[in-house]
>>> print(open('start-v6.txt').read())   # compact mmCIF, N, CA, C and O atoms
# COMPACT_ATOMS: atom_id res chain seq x y z
N MET A 1 23.01 0.34 25.18
CA MET A 1 21.92 0.17 26.12
C MET A 1 20.76 1.12 25.82
O MET A 1 19.61 0.74 25.98
N ASN A 2 21.08 2.33 25.37
CA ASN A 2 20.02 3.28 25.05
C ASN A 2 19.13 2.78 23.92
O ASN A 2 17.93 3.01 23.92
N GLU A 3 19.75 2.10 22.93
CA GLU A 3 18.98 1.58 21.81
C GLU A 3 18.00 0.51 22.28
O GLU A 3 16.86 0.45 21.83
N ALA A 4 18.45 -0.35 23.20
CA ALA A 4 17.58 -1.40 23.71
C ALA A 4 16.40 -0.80 24.48
O ALA A 4 15.26 -1.28 24.34
N LEU A 5 16.65 0.22 25.28
CA LEU A 5 15.56 0.87 26.00
C LEU A 5 14.59 1.56 25.04
O LEU A 5 13.37 1.53 25.25
N MET A 6 15.12 2.17 23.99
CA MET A 6 14.26 2.83 23.02
C MET A 6 13.38 1.81 22.29
O MET A 6 12.18 2.03 22.13
N ILE A 7 13.97 0.68 21.89
CA ILE A 7 13.19 -0.35 21.21
C ILE A 7 12.13 -0.93 22.15
O ILE A 7 10.98 -1.15 21.76
N ALA A 8 12.51 -1.17 23.41
CA ALA A 8 11.54 -1.69 24.38
C ALA A 8 10.42 -0.69 24.62
O ALA A 8 9.24 -1.06 24.70
N GLY A 9 10.76 0.59 24.70
CA GLY A 9 9.73 1.62 24.88
C GLY A 9 8.79 1.69 23.70
O GLY A 9 7.57 1.82 23.87
N MET A 10 9.32 1.61 22.48
CA MET A 10 8.47 1.64 21.29
C MET A 10 7.56 0.42 21.25
O MET A 10 6.40 0.51 20.86
N ALA A 11 8.09 -0.74 21.67
CA ALA A 11 7.28 -1.95 21.71
C ALA A 11 6.13 -1.82 22.69
O ALA A 11 5.00 -2.20 22.40
N VAL A 12 6.41 -1.25 23.87
CA VAL A 12 5.37 -1.06 24.88
C VAL A 12 4.29 -0.11 24.38
O VAL A 12 3.08 -0.37 24.52
N VAL A 13 4.70 1.00 23.78
CA VAL A 13 3.73 1.97 23.26
C VAL A 13 2.88 1.36 22.16
O VAL A 13 1.65 1.47 22.16
N THR A 14 3.53 0.68 21.22
CA THR A 14 2.80 0.06 20.11
C THR A 14 1.82 -1.00 20.62
O THR A 14 0.66 -1.03 20.21
N PHE A 15 2.27 -1.87 21.53
CA PHE A 15 1.40 -2.90 22.08
C PHE A 15 0.23 -2.28 22.85
O PHE A 15 -0.91 -2.72 22.72
N SER A 16 0.51 -1.25 23.63
CA SER A 16 -0.54 -0.62 24.43
C SER A 16 -1.64 -0.03 23.56
O SER A 16 -2.83 -0.22 23.83
N ILE A 17 -1.25 0.68 22.52
CA ILE A 17 -2.24 1.30 21.64
C ILE A 17 -3.10 0.23 20.97
O ILE A 17 -4.33 0.32 20.94
N ARG A 18 -2.46 -0.80 20.48
CA ARG A 18 -3.22 -1.86 19.79
C ARG A 18 -4.07 -2.66 20.76
O ARG A 18 -5.18 -3.06 20.44
N TYR A 19 -3.56 -2.90 21.96
CA TYR A 19 -4.33 -3.67 22.93
C TYR A 19 -5.60 -2.93 23.35
O TYR A 19 -6.66 -3.54 23.45
N VAL A 20 -5.49 -1.66 23.58
CA VAL A 20 -6.67 -0.88 23.99
C VAL A 20 -7.73 -0.93 22.90
O VAL A 20 -8.92 -1.11 23.18
N LEU A 21 -7.32 -0.76 21.64
CA LEU A 21 -8.29 -0.79 20.55
C LEU A 21 -8.91 -2.17 20.37
O LEU A 21 -10.12 -2.30 20.16
N LEU A 22 -8.10 -3.23 20.46
CA LEU A 22 -8.63 -4.58 20.28
C LEU A 22 -9.49 -5.01 21.47
O LEU A 22 -10.48 -5.73 21.30
N ALA A 23 -9.12 -4.59 22.67
CA ALA A 23 -9.89 -4.97 23.86
C ALA A 23 -11.27 -4.32 23.86
O ALA A 23 -12.23 -4.88 24.39
N SER A 24 -11.39 -3.14 23.26
CA SER A 24 -12.68 -2.45 23.26
C SER A 24 -13.44 -2.64 21.95
O SER A 24 -14.42 -1.94 21.70
N ALA A 25 -13.03 -3.61 21.14
CA ALA A 25 -13.60 -3.77 19.80
C ALA A 25 -15.09 -4.11 19.83
O ALA A 25 -15.85 -3.60 19.02
N GLY A 26 -15.55 -4.94 20.73
CA GLY A 26 -16.95 -5.33 20.72
C GLY A 26 -17.85 -4.50 21.61
O GLY A 26 -19.05 -4.75 21.69
N HIS A 27 -17.30 -3.50 22.27
CA HIS A 27 -18.07 -2.76 23.27
C HIS A 27 -18.76 -1.52 22.74
O HIS A 27 -19.58 -0.93 23.44
N PHE A 28 -18.42 -1.08 21.55
CA PHE A 28 -19.09 0.09 20.99
C PHE A 28 -19.18 -0.06 19.48
O PHE A 28 -18.44 -0.83 18.88
N THR A 29 -20.12 0.65 18.90
CA THR A 29 -20.28 0.61 17.44
C THR A 29 -20.15 2.03 16.88
O THR A 29 -20.50 3.01 17.54
N PHE A 30 -19.64 2.09 15.69
CA PHE A 30 -19.50 3.38 15.01
C PHE A 30 -20.84 3.79 14.41
O PHE A 30 -21.61 2.94 13.98
N PRO A 31 -21.11 5.08 14.34
CA PRO A 31 -22.30 5.53 13.62
C PRO A 31 -22.16 5.25 12.12
O PRO A 31 -21.06 5.02 11.62
N GLY A 32 -23.27 5.28 11.43
CA GLY A 32 -23.27 4.95 10.00
C GLY A 32 -22.35 5.81 9.17
O GLY A 32 -21.64 5.29 8.29
N TRP A 33 -22.32 7.12 9.46
CA TRP A 33 -21.46 8.00 8.67
C TRP A 33 -19.99 7.68 8.87
O TRP A 33 -19.18 7.79 7.96
N ALA A 34 -19.61 7.22 10.08
CA ALA A 34 -18.21 6.87 10.34
C ALA A 34 -17.83 5.58 9.63
O ALA A 34 -16.71 5.46 9.12
N LYS A 35 -18.77 4.62 9.59
CA LYS A 35 -18.49 3.37 8.87
C LYS A 35 -18.28 3.64 7.39
O LYS A 35 -17.39 3.08 6.76
N ILE A 36 -19.10 4.52 6.82
CA ILE A 36 -18.95 4.87 5.39
C ILE A 36 -17.61 5.57 5.17
O ILE A 36 -16.90 5.27 4.21
N ALA A 37 -17.26 6.48 6.06
CA ALA A 37 -15.99 7.21 5.92
C ALA A 37 -14.81 6.26 6.07
O ALA A 37 -13.81 6.38 5.34
N LEU A 38 -14.88 5.29 6.98
CA LEU A 38 -13.77 4.37 7.19
C LEU A 38 -13.58 3.40 6.02
O LEU A 38 -12.50 2.83 5.87
N ASP A 39 -14.60 3.23 5.19
CA ASP A 39 -14.44 2.39 4.01
C ASP A 39 -13.45 2.98 3.01
O ASP A 39 -12.90 2.27 2.18
N PHE A 40 -13.22 4.29 3.10
CA PHE A 40 -12.30 4.94 2.17
C PHE A 40 -10.86 4.96 2.66
O PHE A 40 -9.97 5.38 1.91
N VAL A 41 -10.60 4.52 3.87
CA VAL A 41 -9.25 4.59 4.43
C VAL A 41 -8.27 3.66 3.70
O VAL A 41 -7.20 4.12 3.28
N PRO A 42 -8.56 2.37 3.49
CA PRO A 42 -7.57 1.52 2.82
C PRO A 42 -7.22 1.99 1.40
O PRO A 42 -6.03 2.06 1.07
N PRO A 43 -8.19 2.35 0.54
CA PRO A 43 -7.78 2.84 -0.78
C PRO A 43 -6.97 4.13 -0.71
O PRO A 43 -6.03 4.31 -1.48
N ALA A 44 -7.30 5.01 0.22
CA ALA A 44 -6.56 6.26 0.34
C ALA A 44 -5.12 6.01 0.78
O ALA A 44 -4.18 6.60 0.24
N VAL A 45 -4.93 5.13 1.75
CA VAL A 45 -3.57 4.83 2.23
C VAL A 45 -2.77 4.13 1.16
O VAL A 45 -1.60 4.48 0.92
N LEU A 46 -3.36 3.15 0.49
CA LEU A 46 -2.63 2.45 -0.57
C LEU A 46 -2.28 3.38 -1.72
O LEU A 46 -1.19 3.29 -2.29
N THR A 47 -3.19 4.28 -2.07
CA THR A 47 -2.89 5.24 -3.13
C THR A 47 -1.75 6.15 -2.72
O THR A 47 -0.85 6.43 -3.54
N ALA A 48 -1.73 6.59 -1.49
CA ALA A 48 -0.65 7.47 -1.01
C ALA A 48 0.69 6.76 -1.00
O ALA A 48 1.73 7.40 -1.14
N ILE A 49 0.70 5.45 -0.86
CA ILE A 49 1.95 4.70 -0.88
C ILE A 49 2.38 4.37 -2.31
O ILE A 49 3.55 4.50 -2.67
N ILE A 50 1.43 3.96 -3.14
CA ILE A 50 1.77 3.42 -4.47
C ILE A 50 2.07 4.52 -5.49
O ILE A 50 3.02 4.40 -6.26
N VAL A 51 1.30 5.59 -5.52
CA VAL A 51 1.47 6.61 -6.56
C VAL A 51 2.87 7.23 -6.55
O VAL A 51 3.51 7.32 -7.61
N PRO A 52 3.41 7.64 -5.42
CA PRO A 52 4.78 8.17 -5.46
C PRO A 52 5.81 7.13 -5.90
O PRO A 52 6.76 7.45 -6.61
N ALA A 53 5.61 5.88 -5.50
CA ALA A 53 6.55 4.83 -5.90
C ALA A 53 6.50 4.58 -7.41
O ALA A 53 7.51 4.25 -8.03
N VAL A 54 5.32 4.72 -8.00
CA VAL A 54 5.18 4.48 -9.44
C VAL A 54 5.65 5.68 -10.25
O VAL A 54 6.36 5.53 -11.24
N LEU A 55 5.27 6.87 -9.85
CA LEU A 55 5.60 8.06 -10.64
C LEU A 55 6.99 8.62 -10.35
O LEU A 55 7.54 9.34 -11.18
N MET A 56 7.55 8.30 -9.19
CA MET A 56 8.89 8.79 -8.85
C MET A 56 9.78 7.62 -8.42
O MET A 56 10.16 7.50 -7.25
N PRO A 57 10.14 6.72 -9.35
CA PRO A 57 10.91 5.53 -8.96
C PRO A 57 12.30 5.86 -8.42
O PRO A 57 12.84 5.10 -7.63
N ASN A 58 12.87 6.98 -8.84
CA ASN A 58 14.19 7.38 -8.32
C ASN A 58 14.08 8.28 -7.11
O ASN A 58 15.08 8.62 -6.49
N GLY A 59 12.88 8.73 -6.80
CA GLY A 59 12.63 9.49 -5.60
C GLY A 59 12.88 10.98 -5.69
O GLY A 59 12.66 11.70 -4.74
N ASN A 60 13.31 11.48 -6.84
CA ASN A 60 13.62 12.90 -6.89
C ASN A 60 12.77 13.70 -7.87
O ASN A 60 12.61 14.90 -7.71
N SER A 61 12.23 13.08 -8.90
CA SER A 61 11.40 13.82 -9.85
C SER A 61 10.37 12.88 -10.46
O SER A 61 10.57 11.67 -10.52
N ILE A 62 9.28 13.47 -10.95
CA ILE A 62 8.22 12.67 -11.57
C ILE A 62 8.67 12.24 -12.95
O ILE A 62 9.12 13.06 -13.75
N GLU A 63 8.55 10.95 -13.22
CA GLU A 63 8.92 10.39 -14.52
C GLU A 63 7.67 9.82 -15.17
O GLU A 63 7.33 8.66 -14.98
N PHE A 64 7.00 10.65 -15.93
CA PHE A 64 5.76 10.25 -16.60
C PHE A 64 6.10 10.04 -18.08
O PHE A 64 5.76 10.84 -18.94
N ASN A 65 6.80 8.93 -18.37
CA ASN A 65 7.21 8.63 -19.74
C ASN A 65 7.24 7.12 -19.95
O ASN A 65 7.00 6.35 -19.03
N LEU A 66 7.53 6.72 -21.17
CA LEU A 66 7.54 5.29 -21.51
C LEU A 66 8.82 4.59 -21.08
O LEU A 66 8.96 3.39 -21.31
N GLN A 67 9.77 5.30 -20.48
CA GLN A 67 10.99 4.67 -19.96
C GLN A 67 10.83 4.30 -18.49
O GLN A 67 11.74 3.74 -17.90
N ASN A 68 9.70 4.61 -17.91
CA ASN A 68 9.43 4.33 -16.50
C ASN A 68 8.82 2.94 -16.38
O ASN A 68 7.64 2.72 -16.64
N ALA A 69 9.66 1.96 -15.96
CA ALA A 69 9.19 0.57 -15.85
C ALA A 69 8.09 0.43 -14.81
O ALA A 69 7.16 -0.36 -14.99
N SER A 70 8.15 1.20 -13.73
CA SER A 70 7.13 1.13 -12.69
C SER A 70 5.77 1.56 -13.22
O SER A 70 4.75 0.94 -12.93
N LEU A 71 5.76 2.64 -14.00
CA LEU A 71 4.51 3.14 -14.56
C LEU A 71 3.91 2.16 -15.55
O LEU A 71 2.70 1.89 -15.53
N LEU A 72 4.74 1.59 -16.42
CA LEU A 72 4.24 0.62 -17.40
C LEU A 72 3.70 -0.63 -16.71
O LEU A 72 2.64 -1.14 -17.07
N ALA A 73 4.42 -1.12 -15.69
CA ALA A 73 3.96 -2.31 -14.97
C ALA A 73 2.67 -2.01 -14.20
O ALA A 73 1.79 -2.86 -14.11
N ALA A 74 2.55 -0.80 -13.66
CA ALA A 74 1.32 -0.43 -12.96
C ALA A 74 0.14 -0.40 -13.93
O ALA A 74 -0.96 -0.82 -13.57
N CYS A 75 0.36 0.10 -15.13
CA CYS A 75 -0.70 0.11 -16.14
C CYS A 75 -1.13 -1.32 -16.49
O CYS A 75 -2.33 -1.61 -16.59
N VAL A 76 -0.16 -2.21 -16.64
CA VAL A 76 -0.47 -3.62 -16.91
C VAL A 76 -1.25 -4.21 -15.74
O VAL A 76 -2.26 -4.91 -15.95
N ALA A 77 -0.83 -3.93 -14.53
CA ALA A 77 -1.52 -4.47 -13.34
C ALA A 77 -2.95 -3.95 -13.24
O ALA A 77 -3.86 -4.70 -12.88
N VAL A 78 -3.16 -2.68 -13.56
CA VAL A 78 -4.52 -2.12 -13.52
C VAL A 78 -5.41 -2.82 -14.55
O VAL A 78 -6.55 -3.20 -14.25
N ILE A 79 -4.89 -3.01 -15.75
CA ILE A 79 -5.68 -3.69 -16.79
C ILE A 79 -6.00 -5.12 -16.39
O ILE A 79 -7.15 -5.57 -16.50
N VAL A 80 -5.00 -5.84 -15.87
CA VAL A 80 -5.24 -7.23 -15.44
C VAL A 80 -6.24 -7.25 -14.28
O VAL A 80 -7.13 -8.10 -14.25
N GLY A 81 -6.11 -6.32 -13.36
CA GLY A 81 -7.04 -6.27 -12.23
C GLY A 81 -8.47 -6.00 -12.65
O GLY A 81 -9.41 -6.57 -12.10
N LEU A 82 -8.63 -5.11 -13.63
CA LEU A 82 -9.99 -4.81 -14.10
C LEU A 82 -10.59 -5.99 -14.86
O LEU A 82 -11.80 -6.23 -14.78
N ILE A 83 -9.75 -6.72 -15.57
CA ILE A 83 -10.26 -7.86 -16.35
C ILE A 83 -10.50 -9.07 -15.46
O ILE A 83 -11.58 -9.67 -15.48
N ARG A 84 -9.49 -9.47 -14.67
CA ARG A 84 -9.57 -10.70 -13.90
C ARG A 84 -10.29 -10.56 -12.56
O ARG A 84 -10.86 -11.53 -12.05
N LYS A 85 -10.18 -9.40 -11.93
CA LYS A 85 -10.76 -9.16 -10.60
C LYS A 85 -10.24 -10.19 -9.58
O LYS A 85 -10.99 -10.69 -8.73
N ASP A 86 -8.95 -10.49 -9.68
CA ASP A 86 -8.29 -11.44 -8.79
C ASP A 86 -6.98 -10.82 -8.31
O ASP A 86 -6.11 -10.51 -9.11
N LEU A 87 -6.86 -10.62 -7.02
CA LEU A 87 -5.72 -9.90 -6.46
C LEU A 87 -4.40 -10.62 -6.70
O LEU A 87 -3.41 -10.00 -7.10
N LEU A 88 -4.35 -11.92 -6.46
CA LEU A 88 -3.10 -12.66 -6.62
C LEU A 88 -2.62 -12.63 -8.06
O LEU A 88 -1.43 -12.40 -8.32
N THR A 89 -3.52 -12.84 -9.01
CA THR A 89 -3.14 -12.79 -10.42
C THR A 89 -2.64 -11.40 -10.79
O THR A 89 -1.63 -11.27 -11.50
N THR A 90 -3.29 -10.38 -10.30
CA THR A 90 -2.87 -9.01 -10.59
C THR A 90 -1.47 -8.74 -10.06
O THR A 90 -0.63 -8.17 -10.76
N ILE A 91 -1.20 -9.17 -8.84
CA ILE A 91 0.12 -8.95 -8.24
C ILE A 91 1.19 -9.72 -9.00
O ILE A 91 2.25 -9.16 -9.33
N VAL A 92 0.95 -10.98 -9.30
CA VAL A 92 1.95 -11.79 -9.99
C VAL A 92 2.24 -11.25 -11.38
O VAL A 92 3.41 -11.07 -11.76
N ILE A 93 1.22 -10.96 -12.14
CA ILE A 93 1.43 -10.44 -13.50
C ILE A 93 2.05 -9.06 -13.45
O ILE A 93 2.92 -8.72 -14.27
N GLY A 94 1.66 -8.23 -12.50
CA GLY A 94 2.28 -6.91 -12.35
C GLY A 94 3.76 -7.01 -12.03
O GLY A 94 4.58 -6.26 -12.57
N MET A 95 4.14 -7.95 -11.17
CA MET A 95 5.56 -8.12 -10.84
C MET A 95 6.34 -8.68 -12.01
O MET A 95 7.48 -8.27 -12.26
N ILE A 96 5.74 -9.60 -12.74
CA ILE A 96 6.40 -10.13 -13.94
C ILE A 96 6.58 -9.02 -14.97
O ILE A 96 7.65 -8.87 -15.57
N ALA A 97 5.54 -8.22 -15.16
CA ALA A 97 5.63 -7.10 -16.10
C ALA A 97 6.70 -6.12 -15.67
O ALA A 97 7.48 -5.63 -16.50
N PHE A 98 6.78 -5.82 -14.37
CA PHE A 98 7.81 -4.90 -13.88
C PHE A 98 9.20 -5.46 -14.17
O PHE A 98 10.09 -4.74 -14.63
N GLY A 99 9.39 -6.74 -13.90
CA GLY A 99 10.69 -7.36 -14.17
C GLY A 99 11.06 -7.30 -15.64
O GLY A 99 12.19 -6.98 -16.00
N LEU A 100 10.08 -7.59 -16.50
CA LEU A 100 10.34 -7.55 -17.94
C LEU A 100 10.63 -6.13 -18.42
O LEU A 100 11.58 -5.91 -19.19
N PHE A 101 9.83 -5.18 -17.97
CA PHE A 101 10.08 -3.79 -18.38
C PHE A 101 11.40 -3.26 -17.86
O PHE A 101 12.11 -2.54 -18.55
N LYS A 102 11.76 -3.65 -16.64
CA LYS A 102 13.03 -3.21 -16.06
C LYS A 102 14.19 -3.81 -16.85
O LYS A 102 15.19 -3.16 -17.10
N TRP A 103 14.03 -5.06 -17.27
CA TRP A 103 15.08 -5.74 -18.04
C TRP A 103 15.18 -5.19 -19.45
O TRP A 103 16.28 -4.99 -19.97
N LEU A 104 14.02 -4.92 -20.07
CA LEU A 104 14.01 -4.43 -21.45
C LEU A 104 14.42 -2.98 -21.57
O LEU A 104 15.00 -2.57 -22.58
N LEU A 105 14.07 -2.17 -20.59
CA LEU A 105 14.38 -0.75 -20.66
C LEU A 105 15.70 -0.51 -19.99
O LEU A 105 16.32 0.40 -19.93
>>> encode(input="start-v6.txt", output="structure tokens")
Amino acid sequence: MNEALMIAGMAVVTFSIRYVLLASAGHFTFPGWAKIALDFVPPAVLTAIIVPAVLMPNGNSIEFNLQNASLLAACVAVIVGLIRKDLLTTIVIGMIAFGLFKWLL
């Protein structure tokens, strides 16, 4: 029963926070400097998630070598992304490269 109450409480808190922000979305505008600063949030968050996963695939030490399938696949994905400028193609080719490198190494 405690788990159910905890899950229900987390759901209420999460919904409340999001509802307040979405309900007030059209009522105020950010200043220019805040809009510019907020443009950097998605790349910063994605970098914070992806870099540790690529450089530390086992989670305990940095593996910056040619035996790291995650690093090699990330390099392939970066090259494809710079050439094609298409997110879906980059993701698909990056995942295929990861699978191939994981299988080969």
>>> residues_near_point(input="start-v6.txt", point="(5.0, -2.1, -18.3)", cutoff="8 Å", atoms="all atoms listed in the file", output="CSV table (one decimal) with N, CA, C and O atoms, keeping the file's coordinate frame")
chain,number,residue,atom,x,y,z
A,66,LEU,N,7.5,6.7,-21.2
A,66,LEU,CA,7.5,5.3,-21.5
A,66,LEU,C,8.8,4.6,-21.1
A,66,LEU,O,9.0,3.4,-21.3
A,68,ASN,N,9.7,4.6,-17.9
A,68,ASN,CA,9.4,4.3,-16.5
A,68,ASN,C,8.8,2.9,-16.4
A,68,ASN,O,7.6,2.7,-16.6
A,69,ALA,N,9.7,2.0,-16.0
A,69,ALA,CA,9.2,0.6,-15.8
A,69,ALA,C,8.1,0.4,-14.8
A,69,ALA,O,7.2,-0.4,-15.0
A,70,SER,N,8.2,1.2,-13.7
A,70,SER,CA,7.1,1.1,-12.7
A,70,SER,C,5.8,1.6,-13.2
A,70,SER,O,4.8,0.9,-12.9
A,71,LEU,N,5.8,2.6,-14.0
A,71,LEU,CA,4.5,3.1,-14.6
A,71,LEU,C,3.9,2.2,-15.6
A,71,LEU,O,2.7,1.9,-15.5
A,72,LEU,N,4.7,1.6,-16.4
A,72,LEU,CA,4.2,0.6,-17.4
A,72,LEU,C,3.7,-0.6,-16.7
A,72,LEU,O,2.6,-1.1,-17.1
A,73,ALA,N,4.4,-1.1,-15.7
A,73,ALA,CA,4.0,-2.3,-15.0
A,73,ALA,C,2.7,-2.0,-14.2
A,73,ALA,O,1.8,-2.9,-14.1
A,74,ALA,N,2.6,-0.8,-13.7
A,74,ALA,CA,1.3,-0.4,-13.0
A,74,ALA,C,0.1,-0.4,-13.9
A,74,ALA,O,-1.0,-0.8,-13.6
A,75,CYS,N,0.4,0.1,-15.1
A,75,CYS,CA,-0.7,0.1,-16.1
A,75,CYS,C,-1.1,-1.3,-16.5
A,75,CYS,O,-2.3,-1.6,-16.6
A,76,VAL,N,-0.2,-2.2,-16.6
A,76,VAL,CA,-0.5,-3.6,-16.9
A,76,VAL,C,-1.2,-4.2,-15.7
A,76,VAL,O,-2.3,-4.9,-16.0
A,77,ALA,N,-0.8,-3.9,-14.5
A,77,ALA,CA,-1.5,-4.5,-13.3
A,77,ALA,C,-3.0,-4.0,-13.2
A,77,ALA,O,-3.9,-4.7,-12.9
A,94,GLY,N,1.7,-8.2,-12.5
A,94,GLY,CA,2.3,-6.9,-12.4
A,94,GLY,C,3.8,-7.0,-12.0
A,94,GLY,O,4.6,-6.3,-12.6
A,96,ILE,N,5.7,-9.6,-12.7
A,96,ILE,CA,6.4,-10.1,-13.9
A,96,ILE,C,6.6,-9.0,-15.0
A,96,ILE,O,7.6,-8.9,-15.6
A,97,ALA,N,5.5,-8.2,-15.2
A,97,ALA,CA,5.6,-7.1,-16.1
A,97,ALA,C,6.7,-6.1,-15.7
A,97,ALA,O,7.5,-5.6,-16.5
A,98,PHE,N,6.8,-5.8,-14.4
A,98,PHE,CA,7.8,-4.9,-13.9
A,98,PHE,C,9.2,-5.5,-14.2
A,98,PHE,O,10.1,-4.7,-14.6
A,99,GLY,N,9.4,-6.7,-13.9
A,99,GLY,CA,10.7,-7.4,-14.2
A,99,GLY,C,11.1,-7.3,-15.6
A,99,GLY,O,12.2,-7.0,-16.0
A,100,LEU,N,10.1,-7.6,-16.5
A,100,LEU,CA,10.3,-7.6,-17.9
A,100,LEU,C,10.6,-6.1,-18.4
A,100,LEU,O,11.6,-5.9,-19.2
A,101,PHE,N,9.8,-5.2,-18.0
A,101,PHE,CA,10.1,-3.8,-18.4
A,101,PHE,C,11.4,-3.3,-17.9
A,101,PHE,O,12.1,-2.5,-18.6
A,102,LYS,N,11.8,-3.6,-16.6
A,102,LYS,CA,13.0,-3.2,-16.1
A,102,LYS,C,14.2,-3.8,-16.8
A,102,LYS,O,15.2,-3.2,-17.1
>>> atom_distance(input="start-v6.txt", atom1="atom N of A:Ser24", atom2="atom CA of A:Ala8")
23.0 Å
>>> atom_distance(input="start-v6.txt", atom1="atom O of A:Val80", atom2="atom CA of A:Val92")
10.7 Å
